[in-house]
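Containing compact mmCIF, C-alpha atoms: upload_24.txt.
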```txt
# COMPACT_ATOMS: atom_id res chain seq x y z
CA MET A 15 136.79 262.30 192.25
CA ASN A 16 140.48 262.28 193.16
CA ARG A 17 143.31 262.84 190.75
CA GLN A 18 147.08 262.86 191.04
CA ILE A 19 148.68 265.97 189.56
CA SER A 20 152.26 267.12 189.26
CA LEU A 21 153.12 270.77 189.19
CA THR A 22 155.91 273.16 190.01
CA VAL A 23 155.20 275.63 192.78
CA ASN A 24 157.72 278.41 193.35
CA ASP A 25 160.42 276.34 191.61
CA LYS A 26 159.72 273.17 193.63
CA LYS A 27 158.23 270.10 191.99
CA LYS A 28 155.17 268.70 193.75
CA GLU A 29 153.11 265.55 193.29
CA ILE A 30 149.79 265.96 195.01
CA ARG A 31 146.42 264.30 195.22
CA ILE A 32 143.52 266.65 194.66
CA ASP A 33 139.77 266.48 194.32
CA VAL A 34 138.64 267.67 190.87
CA ARG A 35 136.07 269.89 192.60
CA GLN A 36 138.82 271.91 194.31
CA SER A 37 139.92 275.31 193.07
CA LEU A 38 143.62 276.01 192.76
CA LEU A 39 143.10 278.59 195.53
CA GLU A 40 141.99 275.87 197.94
CA VAL A 41 144.84 273.54 197.03
CA LEU A 42 147.48 276.26 197.36
CA ARG A 43 146.19 277.41 200.74
CA GLU A 44 144.99 274.21 202.38
CA GLN A 45 147.32 271.57 200.96
CA LEU A 46 150.46 273.53 200.22
CA GLY A 47 150.18 276.13 203.00
CA LEU A 48 150.67 279.10 200.72
CA LEU A 49 148.64 281.56 202.75
CA SER A 50 149.62 284.62 200.71
CA VAL A 51 146.94 283.53 198.25
CA LYS A 52 143.84 285.21 199.66
CA GLN A 53 140.21 284.46 199.09
CA GLY A 54 138.37 287.72 198.62
CA CYS A 55 135.26 287.54 196.47
CA ALA A 56 135.73 283.95 195.21
CA VAL A 57 134.15 284.93 191.87
CA GLY A 58 137.01 286.53 189.95
CA GLU A 59 136.18 290.17 190.73
CA CYS A 60 138.80 291.23 193.28
CA GLY A 61 142.10 289.62 192.26
CA ALA A 62 143.20 288.88 195.86
CA CYS A 63 143.93 285.27 194.79
CA THR A 64 146.07 286.23 191.78
CA VAL A 65 148.91 283.80 191.09
CA LEU A 66 151.05 283.33 187.99
CA ILE A 67 150.57 280.17 185.97
CA ASP A 68 153.40 279.77 183.47
CA ASP A 69 154.03 283.49 184.18
CA VAL A 70 150.45 284.52 183.28
CA PRO A 71 148.30 286.07 186.04
CA ILE A 72 145.03 284.31 186.78
CA ASP A 73 142.47 284.28 189.59
CA ALA A 74 143.15 281.05 191.51
CA CYS A 75 139.53 281.03 192.75
CA LEU A 76 138.24 280.49 189.19
CA TYR A 77 140.80 277.86 188.24
CA LEU A 78 140.25 274.17 188.79
CA ALA A 79 143.26 272.66 190.53
CA VAL A 80 143.24 269.82 188.00
CA TRP A 81 144.12 272.35 185.26
CA ALA A 82 147.41 273.06 187.03
CA ASP A 83 148.75 269.60 186.13
CA GLY A 84 152.11 270.10 184.43
CA LYS A 85 152.10 273.86 185.02
CA SER A 86 154.43 276.15 186.92
CA ILE A 87 152.86 278.30 189.63
CA ARG A 88 154.32 281.41 191.24
CA THR A 89 153.02 282.98 194.46
CA VAL A 90 154.39 285.76 196.65
CA GLU A 91 156.15 283.16 198.84
CA GLY A 92 158.56 282.40 195.99
CA GLU A 93 159.31 285.94 194.85
CA SER A 94 162.10 286.88 197.27
CA ARG A 95 165.60 285.46 196.67
CA ASN A 96 168.13 284.86 199.48
CA ASP A 97 166.12 287.01 201.89
CA LYS A 98 166.02 289.84 199.36
CA LEU A 99 162.61 291.07 198.26
CA SER A 100 161.81 291.07 194.55
CA ARG A 101 161.96 294.37 192.71
CA VAL A 102 158.16 294.68 192.80
CA GLN A 103 157.90 293.75 196.48
CA GLN A 104 160.59 296.29 197.41
CA ALA A 105 158.86 299.02 195.36
CA PHE A 106 155.57 298.34 197.21
CA VAL A 107 157.44 298.76 200.53
CA ASP A 108 159.27 301.89 199.38
CA GLU A 109 156.11 303.58 198.11
CA GLY A 110 153.98 302.54 201.07
CA ALA A 111 151.63 300.82 198.64
CA VAL A 112 150.11 298.72 201.44
CA GLN A 113 147.52 299.37 204.10
CA CYS A 114 145.58 296.41 205.51
CA GLY A 115 147.47 294.04 203.23
CA ILE A 116 144.73 291.67 202.09
CA CYS A 117 144.94 292.73 198.45
CA THR A 118 148.74 293.06 198.46
CA PRO A 119 149.89 289.55 197.45
CA GLY A 120 147.47 289.55 194.51
CA PHE A 121 148.59 293.03 193.50
CA VAL A 122 152.26 292.05 193.78
CA MET A 123 151.74 289.05 191.48
CA ALA A 124 149.65 291.01 188.93
CA ALA A 125 152.24 293.81 189.04
CA THR A 126 155.11 291.32 188.70
CA SER A 127 153.65 289.90 185.51
CA PHE A 128 152.90 293.42 184.19
CA VAL A 129 156.48 294.56 184.86
CA GLU A 130 157.96 291.43 183.25
CA LYS A 131 155.79 291.97 180.17
CA HIS A 132 156.34 295.72 179.79
CA HIS A 133 159.76 296.41 181.34
CA GLN A 134 161.35 299.54 179.84
CA GLN A 135 158.48 300.10 177.45
CA ASN A 136 156.82 303.48 177.31
CA ILE A 137 153.90 302.83 179.66
CA SER A 138 151.57 305.52 181.04
CA ARG A 139 149.98 305.55 184.50
CA HIS A 140 146.68 304.86 182.76
CA ASP A 141 148.17 301.75 181.11
CA ILE A 142 149.32 300.56 184.55
CA ARG A 143 145.81 301.10 185.92
CA ARG A 144 144.38 299.08 183.04
CA GLY A 145 146.98 296.37 183.68
CA LEU A 146 145.95 296.18 187.34
CA ALA A 147 142.22 296.55 186.70
CA GLY A 148 141.59 292.99 187.87
CA ASN A 149 142.67 293.81 191.44
CA LEU A 150 140.66 295.75 193.98
CA CYS A 151 142.01 297.64 197.01
CA ARG A 152 139.40 298.92 199.46
CA CYS A 153 141.74 300.77 201.88
CA THR A 154 144.13 303.18 200.43
CA GLY A 155 143.46 303.58 196.74
CA TYR A 156 145.77 302.95 193.88
CA ASP A 157 148.14 305.89 193.49
CA THR A 158 150.99 304.47 195.53
CA ILE A 159 150.57 301.08 193.84
CA VAL A 160 150.73 302.67 190.39
CA THR A 161 153.83 304.63 191.42
CA ALA A 162 155.50 301.45 192.68
CA VAL A 163 154.85 299.72 189.36
CA GLN A 164 156.05 302.75 187.40
CA LYS A 165 159.34 302.75 189.34
CA CYS A 166 159.87 299.08 188.52
CA LEU A 167 159.21 299.67 184.81
CA ASP A 168 161.71 302.53 184.66
CA GLU A 169 164.49 300.75 186.56
CA ASP A 170 167.43 299.14 184.83
CA ASP A 171 167.93 295.44 185.36
CA MET B 18 134.99 273.22 196.95
CA PHE B 19 132.64 273.39 193.97
CA ASN B 20 129.87 270.87 194.35
CA PHE B 21 129.38 269.35 190.92
CA LYS B 22 128.43 265.68 190.90
CA SER B 23 130.33 264.34 187.94
CA TYR B 24 133.37 265.40 185.99
CA ALA B 25 134.85 264.08 182.77
CA ARG B 26 137.79 265.49 180.92
CA ALA B 27 137.80 265.53 177.11
CA GLY B 28 141.07 265.45 175.21
CA SER B 29 139.53 266.01 171.78
CA VAL B 30 136.38 267.33 170.09
CA GLN B 31 135.23 263.77 169.33
CA GLU B 32 135.70 262.74 172.94
CA ALA B 33 133.77 265.80 174.16
CA ILE B 34 130.83 264.96 171.87
CA GLN B 35 130.91 261.36 173.10
CA LEU B 36 131.01 262.37 176.78
CA LEU B 37 128.13 264.82 176.30
CA GLY B 38 126.17 262.05 174.57
CA GLN B 39 126.70 259.72 177.52
CA ASN B 40 125.21 262.14 180.03
CA PRO B 41 122.20 264.23 178.94
CA GLU B 42 122.69 266.50 181.95
CA ALA B 43 126.31 267.33 181.14
CA HIS B 44 127.50 270.86 180.35
CA LEU B 45 130.79 271.99 178.88
CA ILE B 46 133.29 273.95 180.91
CA ALA B 47 136.01 275.84 179.00
CA GLY B 48 137.75 278.86 180.59
CA GLY B 49 135.57 278.57 183.68
CA THR B 50 135.17 282.30 184.32
CA ASP B 51 131.37 282.09 183.98
CA MET B 52 130.79 278.42 184.76
CA LEU B 53 132.76 278.37 188.03
CA VAL B 54 130.96 281.53 189.19
CA LYS B 55 127.62 279.78 188.54
CA LEU B 56 128.88 276.69 190.38
CA HIS B 57 130.11 278.83 193.26
CA LYS B 58 126.57 280.15 193.57
CA GLY B 59 125.38 276.54 193.71
CA LYS B 60 123.36 276.38 190.50
CA ALA B 61 122.21 272.79 190.33
CA GLN B 62 121.67 272.72 186.56
CA PHE B 63 125.45 272.58 186.15
CA ASP B 64 126.06 269.50 188.28
CA HIS B 65 127.66 267.46 185.50
CA LEU B 66 130.70 268.78 183.68
CA VAL B 67 132.59 267.84 180.56
CA ASP B 68 135.88 269.72 180.75
CA ILE B 69 137.22 270.95 177.39
CA HIS B 70 139.73 273.35 178.95
CA ASP B 71 142.78 271.63 177.46
CA ILE B 72 141.62 270.65 173.97
CA ALA B 73 144.55 272.09 172.03
CA GLU B 74 142.89 271.64 168.63
CA LEU B 75 140.32 274.32 169.58
CA ASN B 76 142.87 276.98 170.54
CA TYR B 77 144.12 278.82 167.46
CA ILE B 78 143.80 281.88 165.25
CA THR B 79 144.53 281.24 161.62
CA GLN B 80 143.85 282.18 158.02
CA ASN B 81 142.86 279.58 155.42
CA ASP B 82 143.82 279.50 151.73
CA ALA B 83 140.90 281.80 150.89
CA ASN B 84 142.23 284.30 153.50
CA ASP B 85 139.21 283.77 155.76
CA ILE B 86 140.06 284.36 159.43
CA ILE B 87 139.23 281.41 161.66
CA ILE B 88 139.27 281.59 165.45
CA GLY B 89 139.21 278.51 167.66
CA PRO B 90 136.59 278.79 170.42
CA LEU B 91 139.09 278.04 173.20
CA THR B 92 141.21 281.04 172.28
CA SER B 93 141.43 283.36 175.30
CA PHE B 94 140.53 287.04 175.06
CA THR B 95 144.17 287.92 175.74
CA GLN B 96 145.24 285.77 172.78
CA VAL B 97 142.58 287.42 170.58
CA ALA B 98 143.59 290.93 171.69
CA GLU B 99 147.30 290.25 171.13
CA SER B 100 146.95 288.42 167.82
CA GLU B 101 148.78 290.25 165.03
CA LEU B 102 146.28 288.94 162.50
CA ILE B 103 143.26 290.19 164.47
CA CYS B 104 144.88 293.56 165.24
CA LYS B 105 145.73 294.06 161.57
CA ARG B 106 142.61 292.72 159.84
CA ILE B 107 139.73 293.04 162.32
CA PRO B 108 140.96 295.41 165.06
CA VAL B 109 137.35 296.07 166.13
CA LEU B 110 137.35 292.61 167.70
CA SER B 111 140.52 293.18 169.71
CA GLN B 112 139.15 296.58 170.76
CA ALA B 113 135.98 294.91 172.04
CA VAL B 114 137.54 292.00 173.90
CA LEU B 115 139.92 294.32 175.76
CA THR B 116 136.88 295.81 177.52
CA ILE B 117 135.97 292.45 179.03
CA GLY B 118 136.69 291.83 182.73
CA GLY B 119 140.26 292.52 183.79
CA PRO B 120 143.59 290.96 182.76
CA GLN B 121 143.19 287.83 184.92
CA VAL B 122 139.72 287.13 183.51
CA ARG B 123 140.85 287.78 179.91
CA ASN B 124 143.72 285.32 180.40
CA MET B 125 141.24 282.53 181.15
CA ALA B 126 137.93 283.43 179.51
CA THR B 127 137.45 282.04 176.01
CA ILE B 128 135.77 283.63 173.01
CA GLY B 129 133.70 280.49 172.40
CA GLY B 130 132.53 280.46 176.02
CA ASN B 131 131.44 284.07 175.70
CA LEU B 132 129.32 283.23 172.64
CA CYS B 133 127.91 279.94 173.96
CA ASN B 134 126.75 281.55 177.21
CA GLY B 135 124.35 283.43 174.99
CA VAL B 136 124.00 286.51 177.16
CA PRO B 137 122.91 289.74 175.42
CA SER B 138 125.89 291.56 176.97
CA ALA B 139 128.60 289.31 175.46
CA ASP B 140 131.15 291.89 174.35
CA SER B 141 132.73 289.67 171.69
CA ALA B 142 129.33 289.11 170.03
CA THR B 143 128.62 292.56 168.56
CA PRO B 144 131.89 292.96 166.61
CA LEU B 145 131.54 289.39 165.34
CA ILE B 146 127.94 289.79 164.14
CA ALA B 147 128.91 293.12 162.56
CA LEU B 148 131.63 291.18 160.70
CA ASN B 149 129.04 288.59 159.55
CA ALA B 150 130.93 285.86 161.43
CA ALA B 151 129.79 282.26 161.03
CA VAL B 152 130.04 279.50 163.61
CA THR B 153 130.85 275.84 163.00
CA ILE B 154 129.12 273.34 165.24
CA GLU B 155 130.04 269.68 165.56
CA GLY B 156 127.91 266.87 166.87
CA ARG B 157 127.36 263.12 166.50
CA ASP B 158 126.15 263.49 162.93
CA GLY B 159 128.94 265.69 161.68
CA SER B 160 129.33 269.43 161.41
CA ARG B 161 127.19 272.35 160.32
CA GLN B 162 127.75 276.05 159.87
CA MET B 163 125.41 278.96 160.54
CA PRO B 164 125.61 282.76 160.81
CA LEU B 165 126.54 283.76 164.37
CA GLU B 166 123.58 286.12 164.37
CA SER B 167 121.11 283.22 164.14
CA PHE B 168 123.09 281.21 166.74
CA PHE B 169 121.61 283.47 169.44
CA LEU B 170 118.07 282.30 170.21
CA GLY B 171 117.23 284.12 173.46
CA PRO B 172 118.72 285.03 176.83
CA SER B 173 121.21 282.22 177.64
CA GLN B 174 119.89 280.20 174.71
CA VAL B 175 121.98 279.32 171.68
CA ALA B 176 121.49 276.97 168.74
CA LEU B 177 123.54 274.14 170.26
CA GLU B 178 122.06 270.74 170.98
CA GLN B 179 123.12 269.31 174.33
CA ASP B 180 125.72 267.05 172.68
CA GLU B 181 127.08 269.60 170.24
CA ILE B 182 130.16 271.77 170.51
CA LEU B 183 131.24 275.01 168.85
CA THR B 184 134.44 274.32 166.93
CA ALA B 185 135.20 277.44 164.87
CA ILE B 186 134.34 281.09 164.36
CA THR B 187 134.92 282.21 160.78
CA ILE B 188 135.08 285.68 159.26
CA THR B 189 135.28 285.31 155.51
CA ARG B 190 137.62 287.51 153.52
CA ASP B 191 134.87 289.47 151.74
CA ASN B 192 133.38 290.35 155.13
CA TYR B 193 136.46 292.16 156.42
CA THR B 194 138.43 293.30 153.38
CA ASP B 195 138.09 297.10 152.99
CA TYR B 196 135.83 297.23 156.06
CA PHE B 197 136.73 299.40 159.04
CA GLY B 198 135.12 299.26 162.43
CA HIS B 199 134.72 300.76 165.85
CA PHE B 200 133.45 299.45 169.19
CA HIS B 201 132.23 301.20 172.30
CA LYS B 202 131.09 299.73 175.58
CA TYR B 203 128.96 301.88 177.86
CA ALA B 204 129.34 300.67 181.44
CA MET B 205 129.66 302.17 184.91
CA ARG B 206 133.35 301.30 185.21
CA GLU B 207 136.18 301.03 182.72
CA ALA B 208 136.98 297.45 183.75
CA MET B 209 135.40 294.49 185.52
CA ASP B 210 131.92 295.53 184.45
CA ILE B 211 129.09 294.27 182.31
CA SER B 212 127.92 296.33 179.34
CA THR B 213 124.93 298.57 179.89
CA ILE B 214 125.02 298.87 176.10
CA GLY B 215 127.69 297.64 173.69
CA CYS B 216 127.93 298.88 170.10
CA SER B 217 129.96 297.81 167.07
CA ALA B 218 129.92 299.42 163.65
CA VAL B 219 131.73 298.12 160.60
CA CYS B 220 131.63 300.10 157.36
CA LYS B 221 133.00 300.34 153.85
CA ILE B 222 133.24 303.70 152.17
CA ASN B 223 134.00 304.83 148.65
CA ASP B 224 134.36 308.31 147.27
CA GLY B 225 132.35 310.03 150.00
CA THR B 226 129.54 307.47 150.09
CA LEU B 227 128.74 304.85 152.68
CA GLN B 228 128.89 301.72 150.56
CA ASP B 229 127.98 299.42 153.40
CA LEU B 230 127.24 299.66 157.11
CA ARG B 231 126.77 296.90 159.64
CA LEU B 232 125.66 298.12 163.03
CA ALA B 233 125.27 295.82 166.04
CA PHE B 234 124.19 296.32 169.65
CA GLY B 235 124.51 294.30 172.83
CA VAL B 236 121.93 294.50 175.65
CA ALA B 237 119.58 296.26 173.23
CA ALA B 238 117.35 293.16 172.86
CA PRO B 239 117.16 289.63 174.34
CA VAL B 240 120.10 288.71 172.08
CA PRO B 241 122.97 290.66 170.49
CA ILE B 242 121.38 292.17 167.37
CA ARG B 243 122.04 293.88 164.07
CA CYS B 244 120.19 297.05 163.02
CA LYS B 245 119.23 295.84 159.56
CA GLY B 246 116.41 298.33 159.02
CA THR B 247 118.83 301.21 159.55
CA GLU B 248 121.58 299.52 157.53
CA ASP B 249 119.25 299.10 154.51
CA LYS B 250 118.10 302.71 154.72
CA VAL B 251 121.56 304.26 154.68
CA ARG B 252 123.48 301.98 152.35
CA GLY B 253 124.81 303.98 149.37
CA ARG B 254 124.14 307.38 150.90
CA LYS B 255 126.55 310.30 150.85
CA ILE B 256 128.53 310.70 154.08
CA SER B 257 127.38 313.81 155.95
CA PRO B 258 126.43 314.98 159.45
CA LYS B 259 122.80 314.49 158.35
CA LEU B 260 123.53 310.83 157.58
CA LEU B 261 124.79 310.28 161.14
CA THR B 262 121.72 311.99 162.59
CA ASP B 263 119.45 309.86 160.39
CA ILE B 264 121.20 306.69 161.58
CA ALA B 265 120.82 307.73 165.22
CA ASN B 266 117.15 308.60 164.71
CA ASN B 267 116.41 305.34 162.98
CA VAL B 268 118.07 302.82 165.34
CA PRO B 269 115.31 302.85 168.00
CA SER B 270 113.08 301.04 165.47
CA ASP B 271 115.65 298.20 165.27
CA VAL B 272 116.13 297.59 169.01
CA ARG B 273 114.07 296.31 171.93
CA PRO B 274 115.88 297.28 175.14
CA ARG B 275 114.32 296.56 178.51
CA THR B 276 114.54 297.89 182.02
CA SER B 277 116.88 296.06 184.39
CA TRP B 278 118.53 297.08 187.63
CA ARG B 279 121.50 298.25 185.56
CA ALA B 280 119.56 300.79 183.49
CA ALA B 281 116.00 301.77 182.59
CA LYS B 282 114.65 301.20 179.11
CA ASP B 283 114.50 304.88 178.16
CA PHE B 284 118.06 305.44 179.41
CA ARG B 285 119.22 302.48 177.31
CA LEU B 286 117.47 303.99 174.25
CA GLN B 287 119.25 307.26 174.87
CA ILE B 288 122.63 305.46 175.02
CA ILE B 289 121.77 303.48 171.89
CA THR B 290 121.02 306.57 169.77
CA THR B 291 124.09 308.39 171.11
CA LEU B 292 126.36 305.43 170.45
CA ALA B 293 124.91 304.81 166.97
CA HIS B 294 125.97 308.34 166.05
CA ARG B 295 129.40 308.23 167.69
CA VAL B 296 130.44 304.71 166.83
CA VAL B 297 129.43 304.97 163.15
CA GLU B 298 131.24 308.32 163.00
CA GLN B 299 134.42 306.71 164.38
CA ALA B 300 134.12 303.77 161.99
CA ILE B 301 133.80 306.17 159.03
CA LEU B 302 136.78 308.19 160.26
CA SER B 303 138.92 305.06 160.66
CA ALA B 304 137.97 304.12 157.08
CA GLY B 305 139.53 307.43 156.05
CA GLY B 306 136.24 309.23 155.50
CA THR B 307 135.50 312.85 156.29
CA ILE B 308 132.21 314.09 157.67
CA GLN B 309 131.20 317.56 156.54
```
Could you take the file, read its structure, and then write that structure out as structure tokens?
Amino acid sequence: MNRQISLTVNDKKKEIRIDVRQSLLEVLREQLGLLSVKQGCAVGECGACTVLIDDVPIDACLYLAVWADGKSIRTVEGESRNDKLSRVQQAFVDEGAVQCGICTPGFVMAATSFVEKHHQQNISRHDIRRGLAGNLCRCTGYDTIVTAVQKCLDEDD
Amino acid sequence: MFNFKSYARAGSVQEAIQLLGQNPEAHLIAGGTDMLVKLHKGKAQFDHLVDIHDIAELNYITQNDANDIIIGPLTSFTQVAESELICKRIPVLSQAVLTIGGPQVRNMATIGGNLCNGVPSADSATPLIALNAAVTIEGRDGSRQMPLESFFLGPSQVALEQDEILTAITITRDNYTDYFGHFHKYAMREAMDISTIGCSAVCKINDGTLQDLRLAFGVAAPVPIRCKGTEDKVRGRKISPKLLTDIANNVPSDVRPRTSWRAAKDFRLQIITTLAHRVVEQAILSAGGTIQ
């Protein structure tokens, strides 16, 4: 059940052989070594495996790797530029929006897509919570995360 | 790794019908947000997959010459919720689909998948049956159309033969023009939860009277249902607080909720009567009506 697929991962073109039974999560972690993509629940509840596919956030655990053929994938590994964290990553650091860290890469990717979609729009904290409703954090709660996202939305480019 | 035994990818509706015909055990997979969860849990009845994920001809929202709204079954909930046409003409549908899952799930899950799963809690089902939506089904021998309401046969059972595929969801112009609606989902959380009860009301008002009401509930019976007894009783009546109370008092005779771990039967009935009152009230208000 093998297939050859070509995809772009964090701006790099890849040609890989996958099994059609593999999830994108498994391919990203096991074949491409992108360990920021976490497996939490494996059934689309927790968002720890969130990656962007053509800039749209999805749960990589509920996405067949074969569907990624021809697509562009973004994970946390590709978000910093020249050793400089992305705006969203830096805001998470500044606000202390991290405790154990398992949910963080998924949150950063969901937040990145939310900020790109709603930058400089009038967005309430409740809207941010709705936008991040597909990600669970079991340590520290969501206030610092929401504040980090709010800062990014308000910032100038 | 998911452990299905065979996998075939369809590039078109015709190819999907053909592939289903070749393997009587095959099931369709579309957005995957339900199917891959079932596969993760190792459900053997889904061992053979026909993948329709990338059939572009089934992903669209459009209006035909008669101004009917037609939704392709592979349209994601995000696409439905963000569609200008849906938001303008049948906002009750975008309101309902925004309560499903979270953003990541709505980006993948398809409206056709939600209907074809046939669960009583499908949140896109109640606004669509309240809008008298019809479904188009294609198979070896051509296509047929039926009301969405009769598409639901029982829990996880829909009127699809094994080698048939849902190809369109249609809301005709007369079924949405001058109608206004409201949706409410009662659940334990505001996101990533399954409806305890879902309710959609669509109404048309004229000069202080309720010309037409279509009231639908999810999880109030083995399938998403309409409250036709109540609808018939109140059609043409003057809008008043008494009318809302009468609607609320009458709906229990239209529903058959059951006890599950999520909620007991009598609690569900309580939610149903409360929502009938509130959701119809909101629908009347959004139609520009006043209740006094």
Inset, instruction - Kindly provide, as a ChimeraX atom specification, the polymer residues lying within 12 Å of (121.7, 312.3, 161.1), counting only C-alpha atoms and using the coordinates exactly as they appear in the file. - result: /B:247,251,254-268,290-291,293-295,297-298,308-309
Inset, instruction - Determine which residues of chain B sit within 10 Å of chain A, taking into account all atoms listed in the file, and present them as an NGL selection string. - result: :B and (18-26 or 48-58 or 68 or 70-71 or 115-116 or 118-125 or 207-210)
Legend entry - Coordinates-based distance that separates CA of Ala61 in chain B from CA of Ala238 in chain B (Å, one decimal):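 One can read the CA of Ala238 in chain B to CA of Ala61 in chain B distance as 27.3 Å.
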Legend entry - All residues 9 Å or closer to range 114-117 of chain A, all atoms listed in the file, same chain fewer than 6 positions away omitted, as a ChimeraX atom specification: /A:50,52,54,60-63,149-154
Inset, instruction - Considering all atoms listed in the file, return as JSON, numbers by chain whatever protein or nucleic-acid residues lie within 12 Å of Thr143 in chain B, sequence-local ones (same chain, fewer than 3 positions apart) excluded. - result: {"B": [109, 110, 111, 112, 113, 114, 131, 132, 135, 136, 137, 138, 139, 140, 146, 147, 148, 149, 150, 165, 166, 169, 198, 199, 200, 201, 202, 212, 214, 215, 216, 217, 218, 219, 231, 232, 233, 234, 235, 236, 237, 240, 241, 242, 243, 244]}
Legend entry - Point-to-point distance from CA of Thr307 in chain B to CA of Glu99 in chain B, Å rounded to tenths: 29.5 Å
Legend entry - Straight-line distance linking CA of Asp191 in chain B with CA of Ile88 in chain B, stated in Å to one decimal: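 Result for CA of Asp191 in chain B versus CA of Ile88 in chain B: 16.4 Å, one decimal.
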Inset, instruction - Between A:Lys165, A:Arg95, A:His140, A:Arg101, single out the one closest to Met123 in chain A, counting all atoms listed in the file. - result: A:Arg101
Around range 40-47 of chain A, with edges along x, y and z and 8 Å added on all six sides, what centre and edge lengths do you get, in Å to one decimal, as AutoDock Vina command-line options?
```
--center_x 146.2 --center_y 274.5 --center_z 200.0 --size_x 24.5 --size_y 21.8 --size_z 22.0
```
Would you mind completing range 178-195 of chain B so that it carries N, CA and C atoms, and writing it out as a PDB file, in the frame of the given file?
```
ATOM      1  N   GLU B 178     122.694 271.865 170.296  1.00  0.00           N
ATOM      2  CA  GLU B 178     122.060 270.740 170.980  1.00  0.00           C
ATOM      3  C   GLU B 178     122.938 270.374 172.177  1.00  0.00           C
ATOM      4  N   GLN B 179     122.377 269.626 173.108  1.00  0.00           N
ATOM      5  CA  GLN B 179     123.120 269.310 174.330  1.00  0.00           C
ATOM      6  C   GLN B 179     124.443 268.594 174.031  1.00  0.00           C
ATOM      7  N   ASP B 180     124.479 267.786 172.961  1.00  0.00           N
ATOM      8  CA  ASP B 180     125.720 267.050 172.680  1.00  0.00           C
ATOM      9  C   ASP B 180     126.490 267.649 171.502  1.00  0.00           C
ATOM     10  N   GLU B 181     126.316 268.944 171.298  1.00  0.00           N
ATOM     11  CA  GLU B 181     127.080 269.600 170.240  1.00  0.00           C
ATOM     12  C   GLU B 181     128.105 270.568 170.836  1.00  0.00           C
ATOM     13  N   ILE B 182     129.095 270.886 170.033  1.00  0.00           N
ATOM     14  CA  ILE B 182     130.160 271.770 170.510  1.00  0.00           C
ATOM     15  C   ILE B 182     130.566 272.737 169.395  1.00  0.00           C
ATOM     16  N   LEU B 183     130.771 273.978 169.783  1.00  0.00           N
ATOM     17  CA  LEU B 183     131.240 275.010 168.850  1.00  0.00           C
ATOM     18  C   LEU B 183     132.700 274.735 168.533  1.00  0.00           C
ATOM     19  N   THR B 184     133.046 274.668 167.251  1.00  0.00           N
ATOM     20  CA  THR B 184     134.440 274.320 166.930  1.00  0.00           C
ATOM     21  C   THR B 184     135.189 275.404 166.154  1.00  0.00           C
ATOM     22  N   ALA B 185     134.480 276.376 165.594  1.00  0.00           N
ATOM     23  CA  ALA B 185     135.200 277.440 164.870  1.00  0.00           C
ATOM     24  C   ALA B 185     134.333 278.674 164.699  1.00  0.00           C
ATOM     25  N   ILE B 186     134.998 279.818 164.648  1.00  0.00           N
ATOM     26  CA  ILE B 186     134.340 281.090 164.360  1.00  0.00           C
ATOM     27  C   ILE B 186     135.055 281.633 163.119  1.00  0.00           C
ATOM     28  N   THR B 187     134.293 281.848 162.047  1.00  0.00           N
ATOM     29  CA  THR B 187     134.920 282.210 160.780  1.00  0.00           C
ATOM     30  C   THR B 187     134.449 283.582 160.306  1.00  0.00           C
ATOM     31  N   ILE B 188     135.401 284.398 159.893  1.00  0.00           N
ATOM     32  CA  ILE B 188     135.080 285.680 159.260  1.00  0.00           C
ATOM     33  C   ILE B 188     135.667 285.589 157.854  1.00  0.00           C
ATOM     34  N   THR B 189     134.778 285.505 156.866  1.00  0.00           N
ATOM     35  CA  THR B 189     135.280 285.310 155.510  1.00  0.00           C
ATOM     36  C   THR B 189     135.923 286.597 155.004  1.00  0.00           C
ATOM     37  N   ARG B 190     136.808 286.413 154.036  1.00  0.00           N
ATOM     38  CA  ARG B 190     137.620 287.510 153.520  1.00  0.00           C
ATOM     39  C   ARG B 190     136.763 288.684 153.039  1.00  0.00           C
ATOM     40  N   ASP B 191     135.697 288.383 152.278  1.00  0.00           N
ATOM     41  CA  ASP B 191     134.870 289.470 151.740  1.00  0.00           C
ATOM     42  C   ASP B 191     134.152 290.246 152.851  1.00  0.00           C
ATOM     43  N   ASN B 192     134.062 289.668 154.025  1.00  0.00           N
ATOM     44  CA  ASN B 192     133.380 290.350 155.130  1.00  0.00           C
ATOM     45  C   ASN B 192     134.275 291.273 155.939  1.00  0.00           C
ATOM     46  N   TYR B 193     135.590 291.212 155.708  1.00  0.00           N
ATOM     47  CA  TYR B 193     136.460 292.160 156.420  1.00  0.00           C
ATOM     48  C   TYR B 193     137.323 293.012 155.501  1.00  0.00           C
ATOM     49  N   THR B 194     137.561 292.547 154.267  1.00  0.00           N
ATOM     50  CA  THR B 194     138.430 293.300 153.380  1.00  0.00           C
ATOM     51  C   THR B 194     137.787 294.657 153.051  1.00  0.00           C
ATOM     52  N   ASP B 195     138.545 295.713 153.228  1.00  0.00           N
ATOM     53  CA  ASP B 195     138.090 297.100 152.990  1.00  0.00           C
ATOM     54  C   ASP B 195     137.028 297.570 153.983  1.00  0.00           C
TER      55      ASP B 195
END
```
